[in-house]
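K.L.:
Here's a structure for you.
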Amino acid sequence: MASPIPGFHSRYLRIDLTAGSGEPVPLAEAFLRQHLGGSGLGVALLLKEGAATADPLSLAASLAFVFSPLVGSPLTTSAKFAVVSKSPLTHRINDSLASSGFALAGKKTGYDAILLTGRAARPSILVIDDGKVDLEPADEFLGLSTRETEQALRGRFGAEFQTATIGPAGERQVSYATISHDGRHAGRGGSGAVLGSKNIKAVAVRGSHRPQWADPPALVELARQFSQKSFGPATAKYRELGTASNLLTFNRLNVLPTRNFQQGSFAGAAAISPEELGVARDRTRSSCAACTIGCEHLYGLRNGKGSVRLEYENLFALGPLCGIDDAEAVLEACRRCDDLGLDTISAGGTIAFAMECVERGLLDEPWLKFGDGPALLQALDLIVTGDGIGRLLALGSRRMAHEIGHDSIDFAPQVKGLEIPGYDPRGLQTMALGFAVGSRGADHNRSGAYEVDFSEAVDRYNVGPESAHLAVETEDKAALMDSLILCKFLRGVFTDFFKESAEILSLVTGWEVTAEELRQTARRIVTAKKRFNILAGWTPAEDTLPERMLQQALPDDTRAQLSADRLAALVRAYNLARGWSPEGWIPEAE
Amino acid sequence: MQVVVELFGIARARAGVAQTTAHGHCLGDVLADLAARFPRLAESCIAGRTLRPGFTANLGGQRFVTAQETALSEGDTVLLLPLDAGG
Ligand code: SF4
């Protein structure tokens, strides 16, 4: 094999779990340059595998842990990996990202990606030791929480191995189960269920292969400058307050989804805000591996139950969305989701949907009421045991609505099956477009269009088709960040994102990369995700929002109103801005 | 002319208050008034009569504004908040 490109190993490890063996597959330079790493490389590999047409929980399904050219470099926030598969929740592409030592150790195995297919004969730990593949029995770990599994694996394999684990939710193939490491989660879209379906409780990696960098002195200097900037005002919010500080801002702007998106503000917001919690409870800070920002804020639980990581998304989903203003219940719900291995947004969204179904008399579960903290905790447990209403809740809100009927799909809080994150799209209409067209469903990480709404560029209550290109731009930026990979919370320190990213990539790889090339790469990655979805059965009708959001204004802010016609016009303009047909089909020439 | 100012996130943490009043006919006047009274807020959020990068203002919870000449009316509410809403 030719020498690897700097920044890469120029090969991936394809593991057939049925056979219990792995083989290296070379990655050509042109292919790597077109798709980079993370989400971009992962989608390209899955397309090669024909994963779009396979059932996501079947033997034929593939799941890839994908590293990136920047992993292991001195650049802040670059210790990240993507988990890419077809989602059992949406049956569309799913790329979830997480940061931790798993990315560093995984890349040191000597591969740019680890792709799993087939199914182990029995519950197993997949061990990859410097590229050597082994399956070890996992029986003793079954039923353990993500945290317990990680601790037990450290005892068994030693601290040199890094592990990615599923919790009981993944074992039971709950369609929004996560993959966890070090308290961080590849959270959305159910990659934990895919790993569970492959009979893999955890992946343990260790290695000694470090790729070269093309220009180490210049890279170290650039990394030093980025680290310096990451201590500045652009990231102060993340460092000092964490993302949870969005809560009161969003509440004031009436875009805080409350009681299953029935309102845009929550009377109990102050009680669960980080401003209040920070006074009443112990607060500590933490960060992902190789990060100089450290956005993670952990709050103490009562009765010596330790502390729990609180971000805006788990706070909104397990608090206001379920009408809950009991801080202890919200924090305990966050902890339980992390331990069980459940995506907090989908868990909160599905439970909030069920609460509204109960309110409307569509479900006979009178205990499951908005505002009831113990009921929320009970519902989380049932999702994983599958008892009672747990069987329905484990399906996510879209499939649950289809089982309940009575037009409940109209108020199921999802797009393409993925529960909507904490931004009410009626009052943030560029974000509404981002949600509607998102390849993995309603998603604030793949489209940062809310940034446009929080600016003078648009009237957030009345966004027109002329602004669709702004949604394209934020989606392209996200696609590049997710493929390089860098943390989104670093974005504020870039002055010219594409130009500076080109400089970084050039120093790592030795390629003469330009901003224009990276713009094209980003568009190619977005198009590849769309291509995956088309192969998986996508139709234009799914690029929309729940019917209720297109028929009713927010009662507490009647300016927040978006009609189906107006959203359709935005989607059309977006498709044309991407160079696709007005309906969203990709021209054959692409 | 007096306006109400509501502060969020880092702006609130720096000023040490959630709400205050300020005087001026335009956003620049109000920012200058706040900067004079809340030096720590000024250090992070306000440079003279303008917002520092990373911060924005909003009128009444509706319209985002940053231009210092943005006219204000008696009784208006100005929100001061971090620009970056990601999470
Ligand atoms: S900013 Fe936060 S999420 Fe991003 S890498 Fe650092 S600790 Fe992790």
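In the structure tokens, the first chain shown is A, the next is B, and so on; residue numbers restart at 1 for each chain, and ligands run from 1 in the order shown.
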Using only C-alpha atoms and a distance of at most 7 Å, pull out the residues of chain A that contact chain B, as a compact mmCIF listing (two decimals) with N, CA, C and O atoms, in the first residue's frame.
P.N.:
# COMPACT_ATOMS: atom_id res chain seq x y z
N PRO A 233 -14.30 35.86 24.37
CA PRO A 233 -15.73 36.12 24.56
C PRO A 233 -16.64 35.23 23.72
O PRO A 233 -17.78 34.97 24.11
N ALA A 234 -16.15 34.74 22.57
CA ALA A 234 -17.02 33.96 21.69
C ALA A 234 -17.49 32.66 22.34
O ALA A 234 -18.49 32.08 21.94
N LYS A 237 -20.08 32.07 26.99
CA LYS A 237 -21.36 31.49 27.40
C LYS A 237 -21.21 30.01 27.73
O LYS A 237 -21.72 29.52 28.74
N THR A 243 -24.76 25.53 27.88
CA THR A 243 -25.85 25.78 26.93
C THR A 243 -27.20 25.93 27.63
O THR A 243 -28.13 26.51 27.07
N SER A 245 -28.06 27.91 29.62
CA SER A 245 -28.44 29.32 29.79
C SER A 245 -29.35 29.80 28.66
O SER A 245 -29.88 30.90 28.72
N ASN A 246 -29.54 28.98 27.62
CA ASN A 246 -30.53 29.34 26.58
C ASN A 246 -31.94 29.38 27.15
O ASN A 246 -32.83 30.02 26.57
N THR A 249 -33.55 32.75 27.92
CA THR A 249 -33.60 33.55 26.69
C THR A 249 -34.72 33.06 25.79
O THR A 249 -35.55 33.84 25.30
N ARG A 252 -38.12 33.90 27.07
CA ARG A 252 -38.49 35.30 26.85
C ARG A 252 -38.91 35.56 25.40
O ARG A 252 -39.78 36.37 25.12
N LEU A 253 -38.27 34.83 24.48
CA LEU A 253 -38.58 35.02 23.05
C LEU A 253 -39.75 34.13 22.60
O LEU A 253 -40.09 34.09 21.42
N TYR A 312 -28.81 22.48 27.50
CA TYR A 312 -30.12 23.04 27.15
C TYR A 312 -31.07 21.96 26.64
O TYR A 312 -32.23 21.92 27.03
N GLU A 313 -30.57 21.08 25.77
CA GLU A 313 -31.50 20.15 25.13
C GLU A 313 -32.11 19.15 26.12
O GLU A 313 -33.30 18.88 26.05
N GLU A 451 -29.45 30.58 14.05
CA GLU A 451 -28.55 31.75 14.10
C GLU A 451 -29.06 32.87 13.21
O GLU A 451 -28.91 34.05 13.52
N PHE A 454 -31.93 34.58 14.92
CA PHE A 454 -31.49 35.46 16.02
C PHE A 454 -30.60 36.58 15.48
O PHE A 454 -29.61 36.95 16.09
N SER A 455 -30.94 37.09 14.32
CA SER A 455 -30.14 38.17 13.72
C SER A 455 -31.06 39.13 13.00
O SER A 455 -32.27 38.91 12.90
N GLU A 456 -30.46 40.18 12.46
CA GLU A 456 -31.26 41.16 11.71
C GLU A 456 -31.50 40.72 10.27
O GLU A 456 -32.20 41.40 9.53
K.L.:
Taking only C-alpha atoms and all ligand atoms into account, which residues are within 7 Å of ligand 1, as number ranges by chain?
P.N.:
A: 77, 99, 238, 286-288, 291-296, 487-490
K.L.:
Let's have the selection written as a JSON list (two decimals), in the first residue's frame, with C-alpha atoms.
P.N.:
[["chain", "number", "residue", "atom", "x", "y", "z"],
["A", 77, "THR", "CA", -12.19, 20.21, 20.36],
["A", 99, "SER", "CA", -16.18, 13.49, 21.76],
["A", 238, "TYR", "CA", -20.34, 27.85, 27.07],
["A", 286, "SER", "CA", -15.92, 19.43, 32.90],
["A", 287, "SER", "CA", -14.93, 19.02, 29.29],
["A", 288, "CYS", "CA", -14.48, 16.51, 26.53],
["A", 291, "CYS", "CA", -11.05, 20.67, 24.63],
["A", 292, "THR", "CA", -10.08, 24.09, 25.95],
["A", 293, "ILE", "CA", -13.67, 25.37, 26.19],
["A", 294, "GLY", "CA", -15.25, 22.96, 28.64],
["A", 295, "CYS", "CA", -18.96, 23.62, 28.19],
["A", 296, "GLU", "CA", -20.04, 20.78, 30.41],
["A", 487, "CYS", "CA", -16.99, 21.16, 17.92],
["A", 488, "LYS", "CA", -19.78, 23.53, 16.87],
["A", 489, "PHE", "CA", -19.15, 25.57, 19.99],
["A", 490, "LEU", "CA", -15.86, 26.65, 18.46]]
K.L.:
Please provide the set of residues having any atom within 7 Å of A:Asn314, restricted to only C-alpha atoms, with same-chain residues fewer than 5 positions apart removed, written as a list of chain:residue names.
P.N.:
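Residues near the query, excluding close chain neighbours: A:Cys334, A:Thr344, A:Ile345.
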K.L.:
Print the selection's residues with N, CA and C atoms to a file, as a PDB file, in the first residue's frame.
P.N.:
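Full text of again.pdb as output:
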ATOM      1  N   CYS A 334     -32.515  13.419  33.682  1.00  0.00           N
ATOM      2  CA  CYS A 334     -31.308  13.522  32.840  1.00  0.00           C
ATOM      3  C   CYS A 334     -30.346  12.382  33.175  1.00  0.00           C
ATOM      4  N   THR A 344     -32.135  12.038  25.158  1.00  0.00           N
ATOM      5  CA  THR A 344     -33.020  12.844  26.006  1.00  0.00           C
ATOM      6  C   THR A 344     -34.090  13.574  25.195  1.00  0.00           C
ATOM      7  N   ILE A 345     -33.732  14.045  24.002  1.00  0.00           N
ATOM      8  CA  ILE A 345     -34.722  14.817  23.221  1.00  0.00           C
ATOM      9  C   ILE A 345     -35.857  13.899  22.771  1.00  0.00           C
TER      10      ILE A 345
END
K.L.:
Excluding same-chain residues fewer than 6 positions from B:Glu74, what lies within 7 Å of it counting only C-alpha atoms, as a PDB file with N, CA, C and O atoms, in the first residue's frame?
P.N.:
ATOM      1  N   MET B   1     -35.488  59.896  27.659  1.00  0.00           N
ATOM      2  CA  MET B   1     -36.444  58.806  27.426  1.00  0.00           C
ATOM      3  C   MET B   1     -35.963  57.550  28.171  1.00  0.00           C
ATOM      4  O   MET B   1     -34.796  57.206  28.096  1.00  0.00           O
ATOM      5  N   GLN B   2     -36.860  56.914  28.873  1.00  0.00           N
ATOM      6  CA  GLN B   2     -36.454  55.747  29.665  1.00  0.00           C
ATOM      7  C   GLN B   2     -36.935  54.450  29.014  1.00  0.00           C
ATOM      8  O   GLN B   2     -38.084  54.372  28.568  1.00  0.00           O
ATOM      9  N   VAL B   3     -36.070  53.478  28.958  1.00  0.00           N
ATOM     10  CA  VAL B   3     -36.466  52.154  28.458  1.00  0.00           C
ATOM     11  C   VAL B   3     -36.122  51.099  29.511  1.00  0.00           C
ATOM     12  O   VAL B   3     -35.283  51.332  30.385  1.00  0.00           O
TER      13      VAL B   3
END
K.L.:
Would you return as a PyMOL selection string the members of stretch 29-86 of chain B that DSSP assigns to alpha helix (DSSP H) on this structure's backbone?
P.N.:
chain B and resi 29-37+39-45
K.L.:
Keeping N, CA, C and O atoms for every residue in the selection just given, could you write it to a file as a PDB file, in the first residue's frame?
P.N.:
ATOM      1  N   ASP B  29     -27.306  55.200  22.639  1.00  0.00           N
ATOM      2  CA  ASP B  29     -27.421  55.939  23.905  1.00  0.00           C
ATOM      3  C   ASP B  29     -27.592  54.967  25.076  1.00  0.00           C
ATOM      4  O   ASP B  29     -26.970  55.108  26.131  1.00  0.00           O
ATOM      5  N   VAL B  30     -28.475  54.005  24.873  1.00  0.00           N
ATOM      6  CA  VAL B  30     -28.780  53.051  25.956  1.00  0.00           C
ATOM      7  C   VAL B  30     -27.553  52.216  26.303  1.00  0.00           C
ATOM      8  O   VAL B  30     -27.236  52.006  27.482  1.00  0.00           O
ATOM      9  N   LEU B  31     -26.836  51.786  25.277  1.00  0.00           N
ATOM     10  CA  LEU B  31     -25.635  50.980  25.535  1.00  0.00           C
ATOM     11  C   LEU B  31     -24.592  51.809  26.288  1.00  0.00           C
ATOM     12  O   LEU B  31     -23.941  51.317  27.228  1.00  0.00           O
ATOM     13  N   ALA B  32     -24.442  53.064  25.894  1.00  0.00           N
ATOM     14  CA  ALA B  32     -23.467  53.931  26.575  1.00  0.00           C
ATOM     15  C   ALA B  32     -23.870  54.141  28.035  1.00  0.00           C
ATOM     16  O   ALA B  32     -23.018  54.116  28.942  1.00  0.00           O
ATOM     17  N   ASP B  33     -25.152  54.318  28.272  1.00  0.00           N
ATOM     18  CA  ASP B  33     -25.654  54.493  29.638  1.00  0.00           C
ATOM     19  C   ASP B  33     -25.359  53.238  30.473  1.00  0.00           C
ATOM     20  O   ASP B  33     -24.840  53.315  31.601  1.00  0.00           O
ATOM     21  N   LEU B  34     -25.634  52.063  29.887  1.00  0.00           N
ATOM     22  CA  LEU B  34     -25.380  50.806  30.601  1.00  0.00           C
ATOM     23  C   LEU B  34     -23.885  50.634  30.874  1.00  0.00           C
ATOM     24  O   LEU B  34     -23.481  50.228  31.967  1.00  0.00           O
ATOM     25  N   ALA B  35     -23.082  50.954  29.867  1.00  0.00           N
ATOM     26  CA  ALA B  35     -21.627  50.772  30.010  1.00  0.00           C
ATOM     27  C   ALA B  35     -21.094  51.627  31.149  1.00  0.00           C
ATOM     28  O   ALA B  35     -20.212  51.198  31.911  1.00  0.00           O
ATOM     29  N   ALA B  36     -21.637  52.823  31.299  1.00  0.00           N
ATOM     30  CA  ALA B  36     -21.167  53.718  32.360  1.00  0.00           C
ATOM     31  C   ALA B  36     -21.541  53.180  33.737  1.00  0.00           C
ATOM     32  O   ALA B  36     -20.793  53.339  34.704  1.00  0.00           O
ATOM     33  N   ARG B  37     -22.679  52.523  33.811  1.00  0.00           N
ATOM     34  CA  ARG B  37     -23.156  52.062  35.126  1.00  0.00           C
ATOM     35  C   ARG B  37     -22.709  50.646  35.466  1.00  0.00           C
ATOM     36  O   ARG B  37     -22.695  50.257  36.634  1.00  0.00           O
ATOM     37  N   PRO B  39     -19.595  48.508  34.624  1.00  0.00           N
ATOM     38  CA  PRO B  39     -18.292  48.349  33.952  1.00  0.00           C
ATOM     39  C   PRO B  39     -17.995  46.902  33.538  1.00  0.00           C
ATOM     40  O   PRO B  39     -17.417  46.664  32.482  1.00  0.00           O
ATOM     41  N   ARG B  40     -18.399  45.949  34.359  1.00  0.00           N
ATOM     42  CA  ARG B  40     -18.107  44.540  34.000  1.00  0.00           C
ATOM     43  C   ARG B  40     -18.924  44.123  32.777  1.00  0.00           C
ATOM     44  O   ARG B  40     -18.472  43.349  31.941  1.00  0.00           O
ATOM     45  N   LEU B  41     -20.121  44.641  32.685  1.00  0.00           N
ATOM     46  CA  LEU B  41     -20.946  44.373  31.496  1.00  0.00           C
ATOM     47  C   LEU B  41     -20.260  44.968  30.268  1.00  0.00           C
ATOM     48  O   LEU B  41     -20.169  44.329  29.214  1.00  0.00           O
ATOM     49  N   ALA B  42     -19.759  46.182  30.431  1.00  0.00           N
ATOM     50  CA  ALA B  42     -19.098  46.855  29.305  1.00  0.00           C
ATOM     51  C   ALA B  42     -17.884  46.053  28.832  1.00  0.00           C
ATOM     52  O   ALA B  42     -17.678  45.876  27.629  1.00  0.00           O
ATOM     53  N   GLU B  43     -17.107  45.540  29.805  1.00  0.00           N
ATOM     54  CA  GLU B  43     -15.897  44.779  29.443  1.00  0.00           C
ATOM     55  C   GLU B  43     -16.204  43.640  28.473  1.00  0.00           C
ATOM     56  O   GLU B  43     -15.451  43.375  27.557  1.00  0.00           O
ATOM     57  N   SER B  44     -17.341  42.979  28.704  1.00  0.00           N
ATOM     58  CA  SER B  44     -17.653  41.800  27.883  1.00  0.00           C
ATOM     59  C   SER B  44     -18.558  42.114  26.705  1.00  0.00           C
ATOM     60  O   SER B  44     -18.430  41.503  25.645  1.00  0.00           O
ATOM     61  N   CYS B  45     -19.506  43.026  26.915  1.00  0.00           N
ATOM     62  CA  CYS B  45     -20.611  43.112  25.954  1.00  0.00           C
ATOM     63  C   CYS B  45     -20.687  44.419  25.173  1.00  0.00           C
ATOM     64  O   CYS B  45     -21.303  44.447  24.108  1.00  0.00           O
TER      65      CYS B  45
END
K.L.:
Rank nothing, just name the residue among A:Ala436, A:Val174, A:Ala270, A:Leu535 nearest to B:Ala18, using only C-alpha atoms.
P.N.:
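Using only C-alpha atoms, the shortest distance to B:Ala18 belongs to A:Ala270.
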K.L.:
Which polymer residues have any atom within 10 Å of an atom of A:Asp381, counting only C-alpha atoms, with same-chain residues fewer than 5 positions away left out, as a compact mmCIF listing (two decimals) with N, CA, C and O atoms, in the first residue's frame?
P.N.:
# COMPACT_ATOMS: atom_id res chain seq x y z
N ALA A 169 -31.18 0.37 27.28
CA ALA A 169 -32.05 0.79 26.16
C ALA A 169 -31.53 0.25 24.83
O ALA A 169 -32.31 -0.20 23.99
N ALA A 333 -34.12 12.82 35.87
CA ALA A 333 -34.49 12.29 34.55
C ALA A 333 -33.29 12.34 33.60
O ALA A 333 -33.06 11.40 32.83
N ARG A 336 -31.03 9.55 34.56
CA ARG A 336 -31.56 8.24 34.19
C ARG A 336 -31.39 7.99 32.69
O ARG A 336 -31.06 6.89 32.26
N CYS A 337 -31.66 9.01 31.88
CA CYS A 337 -31.47 8.85 30.42
C CYS A 337 -30.02 8.50 30.10
O CYS A 337 -29.74 7.62 29.29
N LEU A 340 -29.42 4.85 31.30
CA LEU A 340 -30.13 3.83 30.52
C LEU A 340 -29.67 3.82 29.07
O LEU A 340 -29.84 2.84 28.35
N ALA A 375 -44.03 10.79 37.43
CA ALA A 375 -44.57 10.10 36.25
C ALA A 375 -43.54 10.08 35.12
O ALA A 375 -43.38 9.07 34.43
N LEU A 376 -42.83 11.19 34.95
CA LEU A 376 -41.77 11.23 33.93
C LEU A 376 -40.74 10.14 34.20
O LEU A 376 -40.33 9.39 33.29
N GLY A 386 -40.13 -2.03 28.69
CA GLY A 386 -41.13 -2.39 27.68
C GLY A 386 -42.48 -2.75 28.28
O GLY A 386 -43.40 -3.17 27.58
N ASP A 387 -42.61 -2.58 29.59
CA ASP A 387 -43.88 -2.92 30.25
C ASP A 387 -44.92 -1.82 29.99
O ASP A 387 -44.57 -0.64 29.85
N GLY A 390 -44.74 1.43 28.07
CA GLY A 390 -43.34 1.46 27.66
C GLY A 390 -43.12 0.92 26.25
O GLY A 390 -42.27 1.42 25.51
K.L.:
List the spatial neighbours of B:Ala71 as a compact mmCIF listing (two decimals) with C-alpha atoms, in the first residue's frame - criterion: any atom at most 8 Å away, only C-alpha atoms, same-chain residues fewer than 4 positions off excluded.
P.N.:
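Listed below is the output, out-v2.txt:
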# COMPACT_ATOMS: atom_id res chain seq x y z
CA HIS B 25 -33.21 57.98 22.23
CA CYS B 26 -31.44 55.22 20.37
CA LEU B 27 -29.73 51.91 21.05
K.L.:
For each of A:Leu433, A:Ile420, A:Ala52, A:Cys357, take the minimum atom-to-atom distance to A:Ala401, counting only C-alpha atoms, then give the residue where this is smallest.
P.N.:
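Nearest to A:Ala401: A:Cys357.
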K.L.:
Quote the spacing between atom CA of A:Ser467 and atom CA of A:Arg578 in Å to one decimal place.
P.N.:
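Atom-to-atom, atom CA of A:Ser467 to atom CA of A:Arg578, that is 13.0 Å.
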K.L.:
What's the 6 Å shell around stretch 509-523 of chain A, counting only C-alpha atoms, without same-chain residues fewer than 3 positions away, as a list in words?
P.N.:
Pro6, Gly7, Ala214, Asp476, Ala479, Leu480, Phe498, Lys499, Ala502, Leu505, Ser506 and Val526 of chain A
K.L.:
Can you list, as an MDAnalysis selection string, every residue of chain B that DSSP puts in strand (DSSP E or B)?
P.N.:
chainID B and resid 2:7 19:23 26 46:47 50:51 55:59 63:65 71 77:82
K.L.:
Atom CA of A:Ser87 and atom CA of A:Arg491, how far apart in Å?
P.N.:
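Pair atom CA of A:Arg491 / atom CA of A:Ser87 returns 27.3 Å.
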